[in-house]
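Enquirer: Take this structure, written in structure tokens, and hold onto it; I'll ask about it next.
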Amino acid sequence: MQSYYIHFIRHGAISPTLQGRYIGTTDVPLSEEGKAALSKLDATMDYPYAKVVFTSPLKRCTQTAKILYPHITPLTIDQLMECHFGEWENHTADELKGDPAFAKWLAGDNEVKPPRGESTADFTRRICVMFESIVNGLMQTGTTDAAIITHGGVMNILLAVYGLPQAKPFDWACDCGFGYSLRITPALWMRDKVAEVYQRIPLERNDDE
């Protein structure tokens, strides 16, 4: 039976001045250093083939897609955006430490919702519905190779929910420009809604090639 391959790639780096802040749906672009790092990875390592590329609509993802898959027009999907942190957006954990709701959220309460934002539970439901829609669409069209360029939070949750071997979200964390490849077997997917995580990407380039 035909297998399907989905390659998750985390977007490139943004400005260092934003590091340590909760940047979810804020539409910040790649930094110049982030663009250069992606171009270097693309020149020295191998990203998997993809017939179709799905991305979050935020600039840091669409710009990453343009660098890594320049000949493919990506399909942007709003539901692939990072978690909406609401009034916590652009703040550091230190700045929010006096907020009781933030303390509960940080402790793992998935139902806590940032003011004007979304809870971890809502975020998880949103991205899971979209991922299952993508997988089903690939199967219906016979499209066997796809890339999803999105955010660290999106990748971590989806891999924790669907990935084998099973691991917690933060166990799937990876650097900007890196990611994981999934192999989806239709029978296993239809029965258990799981996929094999079989490699980290990009791949080391064989100098003999």
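Within each chain, counting starts at residue 1; across the structure tokens, chains are named A, B, ... in the order shown, with ligands numbered 1 upward in that order.
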Write down as number ranges by chain the residues of segment 2-116 of chain A whose backbone DSSP state falls under strand (DSSP E or B).
Expert: A: 4-10, 21, 45-46, 52-55, 75-76, 92
Enquirer: Which residues come within 7 Å of Thr25 of chain A, counting only C-alpha atoms, excluding same-chain residues fewer than 6 positions away, as a list in words?
Expert: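 After dropping sequence-adjacent residues, the list is Met81, Glu82, Cys83 and His84 of chain A.
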Enquirer: What's the 6 Å shell around segment 48-55 of chain A, counting only C-alpha atoms, without same-chain residues fewer than 5 positions away, as a PyMOL selection string?
Expert: chain A and resi 74-76+145-150
Enquirer: Taking only chain A into account, list the residues labelled helix (DSSP H, G or I) by DSSP (computed from the backbone), as a ChimeraX atom specification.
Expert: /A:16-18,32-44,59-68,78-80,86-88,93-96,100-106,120-141,152-162,169-172,186-192
